[in-house]
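Enquirer: Let me begin by handing over the structure; questions about it come next.
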Amino acid sequence: MQDDGSASKTEAAYRLLRRDILATRLKPGASLKLGALRDAYGLGWTPLREALSRLEAEKLVTAISNRGFAVAPVSQTELEDLARARMVVELPLLIESIGNGDADWESAVVTSHYRLSRCKIAPDDPSEAAVDEWDDRHTAFHAALLSAAKSSWLLRFQSTVSDQLRRHHRFLGLAPTMKAAAGQQLGFEKAVAALREAMAIEHHTALMEAALDRNIERAKALMIEHIGYTLHVYIHTED
């Protein structure tokens with residue numbers, strides 16, 4: 001049984017590694033060597049091993065026979081599968097949340113939308129700090145929309161899908177688009193335009209208003225459109 005000190009070190013290792021995997025600072029497919037991680041994060045072998053085991057259970061890390069651990073890979077196929085999974089899980093949660101939402105839920109949705117609206121989007125500020133802030137507040141906005149839902153299992157599945165999509169978005173869509181734009185590569189304009197559309201506050205505002213108006217059909221249609229934006233960005237990175 002772990003003592004409090006060991007448990008807190010394991011928790012710290014887990015949170016740090018998880019943060020950097022979701023932000024793709026630890027890139028998909030990258031080898032996670034314990035020696036290098038120990039030097040980078042200043043943590044011991046045991047907390048790192050236990051943290052990696054937890055992350056493997058979340059499918060953010062894979063165990064490679066006789067070779068240790070690696071960051072779980074990403075792919076177009078998995079991105080498309082995750083988008084379908086999000087549709088299946090999130091639409092019922094949105095409907096349930098709109099039906100159950102009270103004044104506190106409305107306040108949480110409005111507050112999270114305001115915070116998101118104050119962020120710069122990647123085409124205007126591609127710095128890591130700005131992207132991290134938008135990512136965190138975007139996740140918080142969608143969590144607020146669903147927060148009045150009661151299905152604990154669906155909410156758990158939604159959180160897992162959201163985490164996986166977050167790193168797929170950044171690695172397959174955002175990073176190559178911004179790299180192309182920075183290098184002024186021919187044809188990058190379509191990808192940047194698609195990214196700007198996907199991150200724009202206007203669509204989030206429309207989604208918020210439909211939810212607050214209890215307009216379930218419009219909210220569903222907007223969410224389906226919103227989920228499709230990620231694939232739209234990726235398609236243009238491949239042009």
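FYI, nothing fancy with the structure tokens labels: chains A, B, ... in order, residues from 1 per chain, ligands from 1 as they appear.
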Restrict the calculation to only C-alpha atoms, then for each residue of segment 131-212 of chain A with any atom at most 8 Å from an atom of segment 104-118 of chain A give the closest atom pair and their distance in Å to one decimal, rows by chain and rising residue number, as JSON lines.
Expert:
{"residue": "A:Trp134", "atom": "CA", "partner": "A:Leu116", "partner_atom": "CA", "distance": 6.6}
{"residue": "A:Arg137", "atom": "CA", "partner": "A:Leu116", "partner_atom": "CA", "distance": 5.3}
{"residue": "A:His138", "atom": "CA", "partner": "A:Leu116", "partner_atom": "CA", "distance": 6.1}
{"residue": "A:Ala140", "atom": "CA", "partner": "A:Ser112", "partner_atom": "CA", "distance": 6.4}
{"residue": "A:Phe141", "atom": "CA", "partner": "A:Ser112", "partner_atom": "CA", "distance": 4.9}
{"residue": "A:Ala144", "atom": "CA", "partner": "A:Val109", "partner_atom": "CA", "distance": 5.2}
{"residue": "A:Leu145", "atom": "CA", "partner": "A:Val109", "partner_atom": "CA", "distance": 5.8}
{"residue": "A:Ser147", "atom": "CA", "partner": "A:Trp105", "partner_atom": "CA", "distance": 7.1}
{"residue": "A:Ala148", "atom": "CA", "partner": "A:Trp105", "partner_atom": "CA", "distance": 6.5}
{"residue": "A:Ile201", "atom": "CA", "partner": "A:Ser117", "partner_atom": "CA", "distance": 6.0}
{"residue": "A:His204", "atom": "CA", "partner": "A:His113", "partner_atom": "CA", "distance": 7.5}
{"residue": "A:Thr205", "atom": "CA", "partner": "A:His113", "partner_atom": "CA", "distance": 7.3}
{"residue": "A:Met208", "atom": "CA", "partner": "A:Val109", "partner_atom": "CA", "distance": 7.1}
{"residue": "A:Leu212", "atom": "CA", "partner": "A:Glu106", "partner_atom": "CA", "distance": 6.6}
Enquirer: For segment 24-36 of chain A, work out the shell of residues within 6 Å, counting only C-alpha atoms and skipping chain neighbours fewer than 3 positions away, then give it as a list of chain:residue names.
Expert: A:Asp20, A:Ile21, A:Asp39, A:Phe69, A:Ala70, A:Val71, A:Ala72, A:Pro73
Enquirer: Store the residues picked out above, limited to all heavy atoms, as a PDB file, in the first residue's frame.
Expert:
ATOM      1  N   ASP A  20       1.063  16.535 -21.027  1.00  0.00           N
ATOM      2  CA  ASP A  20       1.944  16.684 -22.179  1.00  0.00           C
ATOM      3  C   ASP A  20       1.580  15.737 -23.327  1.00  0.00           C
ATOM      4  O   ASP A  20       1.856  16.029 -24.494  1.00  0.00           O
ATOM      5  CB  ASP A  20       3.403  16.482 -21.755  1.00  0.00           C
ATOM      6  CG  ASP A  20       3.929  17.674 -20.970  1.00  0.00           C
ATOM      7  OD1 ASP A  20       3.242  18.710 -20.925  1.00  0.00           O
ATOM      8  OD2 ASP A  20       5.029  17.572 -20.384  1.00  0.00           O
ATOM      9  N   ILE A  21       0.929  14.618 -23.008  1.00  0.00           N
ATOM     10  CA  ILE A  21       0.439  13.731 -24.060  1.00  0.00           C
ATOM     11  C   ILE A  21      -0.747  14.373 -24.768  1.00  0.00           C
ATOM     12  O   ILE A  21      -0.820  14.394 -26.005  1.00  0.00           O
ATOM     13  CB  ILE A  21       0.057  12.353 -23.479  1.00  0.00           C
ATOM     14  CG1 ILE A  21       1.321  11.582 -23.088  1.00  0.00           C
ATOM     15  CG2 ILE A  21      -0.767  11.548 -24.484  1.00  0.00           C
ATOM     16  CD1 ILE A  21       1.053  10.316 -22.297  1.00  0.00           C
ATOM     17  N   ASP A  39      14.738  12.428 -16.008  1.00  0.00           N
ATOM     18  CA  ASP A  39      15.528  13.650 -16.143  1.00  0.00           C
ATOM     19  C   ASP A  39      14.645  14.853 -16.502  1.00  0.00           C
ATOM     20  O   ASP A  39      14.852  15.960 -16.014  1.00  0.00           O
ATOM     21  CB  ASP A  39      16.609  13.469 -17.222  1.00  0.00           C
ATOM     22  CG  ASP A  39      17.657  12.437 -16.831  1.00  0.00           C
ATOM     23  OD1 ASP A  39      17.756  12.132 -15.618  1.00  0.00           O
ATOM     24  OD2 ASP A  39      18.349  11.936 -17.726  1.00  0.00           O
ATOM     25  N   PHE A  69       7.417   1.619 -22.877  1.00  0.00           N
ATOM     26  CA  PHE A  69       6.177   2.307 -23.222  1.00  0.00           C
ATOM     27  C   PHE A  69       6.397   3.303 -24.356  1.00  0.00           C
ATOM     28  O   PHE A  69       7.509   3.765 -24.587  1.00  0.00           O
ATOM     29  CB  PHE A  69       5.644   3.071 -22.004  1.00  0.00           C
ATOM     30  CG  PHE A  69       5.227   2.192 -20.855  1.00  0.00           C
ATOM     31  CD1 PHE A  69       6.115   1.897 -19.822  1.00  0.00           C
ATOM     32  CD2 PHE A  69       3.941   1.678 -20.789  1.00  0.00           C
ATOM     33  CE1 PHE A  69       5.727   1.103 -18.764  1.00  0.00           C
ATOM     34  CE2 PHE A  69       3.540   0.886 -19.729  1.00  0.00           C
ATOM     35  CZ  PHE A  69       4.438   0.591 -18.716  1.00  0.00           C
ATOM     36  N   ALA A  70       5.290   3.645 -25.022  1.00  0.00           N
ATOM     37  CA  ALA A  70       5.298   4.692 -26.052  1.00  0.00           C
ATOM     38  C   ALA A  70       3.965   5.427 -25.980  1.00  0.00           C
ATOM     39  O   ALA A  70       2.959   4.882 -25.518  1.00  0.00           O
ATOM     40  CB  ALA A  70       5.502   4.103 -27.448  1.00  0.00           C
ATOM     41  N   VAL A  71       3.968   6.676 -26.445  1.00  0.00           N
ATOM     42  CA  VAL A  71       2.711   7.418 -26.556  1.00  0.00           C
ATOM     43  C   VAL A  71       1.840   6.722 -27.599  1.00  0.00           C
ATOM     44  O   VAL A  71       2.334   6.314 -28.650  1.00  0.00           O
ATOM     45  CB  VAL A  71       2.968   8.879 -26.976  1.00  0.00           C
ATOM     46  CG1 VAL A  71       1.647   9.639 -27.101  1.00  0.00           C
ATOM     47  CG2 VAL A  71       3.878   9.569 -25.970  1.00  0.00           C
ATOM     48  N   ALA A  72       0.553   6.572 -27.301  1.00  0.00           N
ATOM     49  CA  ALA A  72      -0.354   5.916 -28.243  1.00  0.00           C
ATOM     50  C   ALA A  72      -0.359   6.659 -29.581  1.00  0.00           C
ATOM     51  O   ALA A  72      -0.346   7.894 -29.613  1.00  0.00           O
ATOM     52  CB  ALA A  72      -1.756   5.858 -27.664  1.00  0.00           C
ATOM     53  N   PRO A  73      -0.362   5.934 -30.689  1.00  0.00           N
ATOM     54  CA  PRO A  73      -0.342   6.594 -32.004  1.00  0.00           C
ATOM     55  C   PRO A  73      -1.680   7.244 -32.334  1.00  0.00           C
ATOM     56  O   PRO A  73      -2.693   7.000 -31.666  1.00  0.00           O
ATOM     57  CB  PRO A  73      -0.049   5.430 -32.960  1.00  0.00           C
ATOM     58  CG  PRO A  73      -0.597   4.227 -32.258  1.00  0.00           C
ATOM     59  CD  PRO A  73      -0.370   4.472 -30.795  1.00  0.00           C
TER      60      PRO A  73
END
Enquirer: Which is closer to Lys190 of chain A than all the others in A:Glu11, A:Met178, A:Lys220, A:Phe157, using only C-alpha atoms?
Expert: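 Ranking A:Glu11, A:Met178, A:Lys220, A:Phe157 by distance to Lys190 of chain A, first place goes to A:Met178.
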Enquirer: Pick the closest to Pro123 of chain A from A:Ala200, A:Val88, A:Leu82, A:Leu154: which is it, counting only C-alpha atoms?
Expert: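 Once distances to Pro123 of chain A are computed over only C-alpha atoms, the minimum belongs to A:Ala200.
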Enquirer: Smallest atom-to-atom distance to Asn100 of chain A: which of A:Ala219, A:Glu78, A:Ser65, A:Ala211, using only C-alpha atoms?
Expert: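 Under the stated criterion, the closest residue is A:Ala211.
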Enquirer: Which residues are close to His168 of chain A, i.e. within 12 Å by only C-alpha atoms, leaving aside same-chain residues fewer than 6 positions away? Reply as a list in words.
Expert: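 Those residues are Ile21, Leu22, Ala23, Thr24, Lys27, Pro28, Leu60, Ala72, Pro73, Val74, Ser75, Gln76, Thr77, Glu78, Leu79, Glu80, Asp81, Leu82, Ala83, Val161, Ser162, Leu174, Ala175, Pro176, Thr230, Leu231, Val233 and Tyr234 of chain A.
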Enquirer: Please produce a file of the residues just selected, as a PDB file, in the first residue's frame, where the atoms kept are N, CA and C atoms.
Expert:
ATOM      1  N   ILE A  21       0.929  14.618 -23.008  1.00  0.00           N
ATOM      2  CA  ILE A  21       0.439  13.731 -24.060  1.00  0.00           C
ATOM      3  C   ILE A  21      -0.747  14.373 -24.768  1.00  0.00           C
ATOM      4  N   LEU A  22      -1.695  14.928 -23.996  1.00  0.00           N
ATOM      5  CA  LEU A  22      -2.872  15.551 -24.600  1.00  0.00           C
ATOM      6  C   LEU A  22      -2.498  16.774 -25.428  1.00  0.00           C
ATOM      7  N   ALA A  23      -1.470  17.508 -24.981  1.00  0.00           N
ATOM      8  CA  ALA A  23      -1.024  18.696 -25.713  1.00  0.00           C
ATOM      9  C   ALA A  23      -0.054  18.344 -26.838  1.00  0.00           C
ATOM     10  N   THR A  24       0.255  17.052 -26.994  1.00  0.00           N
ATOM     11  CA  THR A  24       1.183  16.512 -27.992  1.00  0.00           C
ATOM     12  C   THR A  24       2.599  17.070 -27.865  1.00  0.00           C
ATOM     13  N   LYS A  27       4.886  13.441 -28.354  1.00  0.00           N
ATOM     14  CA  LYS A  27       4.216  13.201 -29.630  1.00  0.00           C
ATOM     15  C   LYS A  27       3.724  11.761 -29.767  1.00  0.00           C
ATOM     16  N   PRO A  28       2.623  11.565 -30.484  1.00  0.00           N
ATOM     17  CA  PRO A  28       2.128  10.216 -30.741  1.00  0.00           C
ATOM     18  C   PRO A  28       3.216   9.325 -31.316  1.00  0.00           C
ATOM     19  N   LEU A  60      -3.837   6.128 -23.603  1.00  0.00           N
ATOM     20  CA  LEU A  60      -3.008   7.258 -24.017  1.00  0.00           C
ATOM     21  C   LEU A  60      -1.557   6.814 -24.189  1.00  0.00           C
ATOM     22  N   ALA A  72       0.553   6.572 -27.301  1.00  0.00           N
ATOM     23  CA  ALA A  72      -0.354   5.916 -28.243  1.00  0.00           C
ATOM     24  C   ALA A  72      -0.359   6.659 -29.581  1.00  0.00           C
ATOM     25  N   PRO A  73      -0.362   5.934 -30.689  1.00  0.00           N
ATOM     26  CA  PRO A  73      -0.342   6.594 -32.004  1.00  0.00           C
ATOM     27  C   PRO A  73      -1.680   7.244 -32.334  1.00  0.00           C
ATOM     28  N   VAL A  74      -1.674   8.081 -33.367  1.00  0.00           N
ATOM     29  CA  VAL A  74      -2.901   8.661 -33.909  1.00  0.00           C
ATOM     30  C   VAL A  74      -2.952   8.325 -35.389  1.00  0.00           C
ATOM     31  N   SER A  75      -4.150   8.400 -35.974  1.00  0.00           N
ATOM     32  CA  SER A  75      -4.296   8.098 -37.399  1.00  0.00           C
ATOM     33  C   SER A  75      -5.592   8.699 -37.915  1.00  0.00           C
ATOM     34  N   GLN A  76      -5.689   8.820 -39.224  1.00  0.00           N
ATOM     35  CA  GLN A  76      -6.921   9.299 -39.837  1.00  0.00           C
ATOM     36  C   GLN A  76      -8.070   8.354 -39.523  1.00  0.00           C
ATOM     37  N   THR A  77      -7.808   7.050 -39.596  1.00  0.00           N
ATOM     38  CA  THR A  77      -8.854   6.065 -39.324  1.00  0.00           C
ATOM     39  C   THR A  77      -9.400   6.231 -37.907  1.00  0.00           C
ATOM     40  N   GLU A  78      -8.495   6.414 -36.956  1.00  0.00           N
ATOM     41  CA  GLU A  78      -8.939   6.574 -35.573  1.00  0.00           C
ATOM     42  C   GLU A  78      -9.647   7.910 -35.375  1.00  0.00           C
ATOM     43  N   LEU A  79      -9.185   8.964 -36.047  1.00  0.00           N
ATOM     44  CA  LEU A  79      -9.856  10.258 -35.966  1.00  0.00           C
ATOM     45  C   LEU A  79     -11.305  10.139 -36.439  1.00  0.00           C
ATOM     46  N   GLU A  80     -11.507   9.463 -37.550  1.00  0.00           N
ATOM     47  CA  GLU A  80     -12.864   9.282 -38.081  1.00  0.00           C
ATOM     48  C   GLU A  80     -13.706   8.435 -37.126  1.00  0.00           C
ATOM     49  N   ASP A  81     -13.101   7.408 -36.546  1.00  0.00           N
ATOM     50  CA  ASP A  81     -13.817   6.553 -35.601  1.00  0.00           C
ATOM     51  C   ASP A  81     -14.193   7.333 -34.341  1.00  0.00           C
ATOM     52  N   LEU A  82     -13.285   8.155 -33.869  1.00  0.00           N
ATOM     53  CA  LEU A  82     -13.554   8.975 -32.686  1.00  0.00           C
ATOM     54  C   LEU A  82     -14.674   9.985 -32.958  1.00  0.00           C
ATOM     55  N   ALA A  83     -14.701  10.548 -34.160  1.00  0.00           N
ATOM     56  CA  ALA A  83     -15.776  11.479 -34.503  1.00  0.00           C
ATOM     57  C   ALA A  83     -17.127  10.772 -34.479  1.00  0.00           C
ATOM     58  N   VAL A 161     -13.401   9.930 -25.002  1.00  0.00           N
ATOM     59  CA  VAL A 161     -13.392  10.302 -26.425  1.00  0.00           C
ATOM     60  C   VAL A 161     -12.851  11.719 -26.605  1.00  0.00           C
ATOM     61  N   SER A 162     -13.262  12.626 -25.709  1.00  0.00           N
ATOM     62  CA  SER A 162     -12.811  14.011 -25.791  1.00  0.00           C
ATOM     63  C   SER A 162     -11.297  14.115 -25.651  1.00  0.00           C
ATOM     64  N   LEU A 174      -4.250  20.826 -36.302  1.00  0.00           N
ATOM     65  CA  LEU A 174      -3.718  22.139 -35.948  1.00  0.00           C
ATOM     66  C   LEU A 174      -2.218  22.272 -36.255  1.00  0.00           C
ATOM     67  N   ALA A 175      -1.420  21.312 -35.787  1.00  0.00           N
ATOM     68  CA  ALA A 175       0.038  21.443 -35.941  1.00  0.00           C
ATOM     69  C   ALA A 175       0.480  21.524 -37.401  1.00  0.00           C
ATOM     70  N   PRO A 176       0.039  20.615 -38.292  1.00  0.00           N
ATOM     71  CA  PRO A 176       0.491  20.727 -39.690  1.00  0.00           C
ATOM     72  C   PRO A 176      -0.052  21.961 -40.392  1.00  0.00           C
ATOM     73  N   THR A 230     -13.616  19.112 -37.413  1.00  0.00           N
ATOM     74  CA  THR A 230     -12.281  18.539 -37.222  1.00  0.00           C
ATOM     75  C   THR A 230     -11.817  17.789 -38.465  1.00  0.00           C
ATOM     76  N   LEU A 231     -12.702  16.956 -39.001  1.00  0.00           N
ATOM     77  CA  LEU A 231     -12.358  16.215 -40.213  1.00  0.00           C
ATOM     78  C   LEU A 231     -12.137  17.171 -41.380  1.00  0.00           C
ATOM     79  N   VAL A 233     -10.857  20.186 -41.268  1.00  0.00           N
ATOM     80  CA  VAL A 233      -9.501  20.747 -41.150  1.00  0.00           C
ATOM     81  C   VAL A 233      -8.483  19.720 -41.634  1.00  0.00           C
ATOM     82  N   TYR A 234      -8.636  18.481 -41.178  1.00  0.00           N
ATOM     83  CA  TYR A 234      -7.671  17.439 -41.563  1.00  0.00           C
ATOM     84  C   TYR A 234      -7.653  17.229 -43.072  1.00  0.00           C
TER      85      TYR A 234
END
Enquirer: Which residues in chain A does DSSP call alpha helix (DSSP H)? List them as a PyMOL selection string.
Expert: chain A and resi 4-22+34-41+45-57+76-100+103-117+128-146+152-168+175-182+188-199+201-212+216-237
Enquirer: Using only C-alpha atoms for the distances, tell me which of A:Leu16, A:Met199, A:Arg86, A:Asp135 is nearest to Arg38 of chain A.
Expert: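 Ranked by minimum distance to Arg38 of chain A, first place goes to A:Leu16.
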Enquirer: Determine the nearest neighbour of His142 of chain A from the options A:Met223, A:Glu197, A:Ser127, A:Cys119, counting only C-alpha atoms.
Expert: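 Among A:Met223, A:Glu197, A:Ser127, A:Cys119, it is A:Met223 that comes nearest to His142 of chain A.
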Enquirer: Skip Ala122 of chain A itself and residues of its chain fewer than 3 positions away, then list as an NGL selection string all residues within 7 Å of it, counting only C-alpha atoms.
Expert: :A and (125-126 or 131)
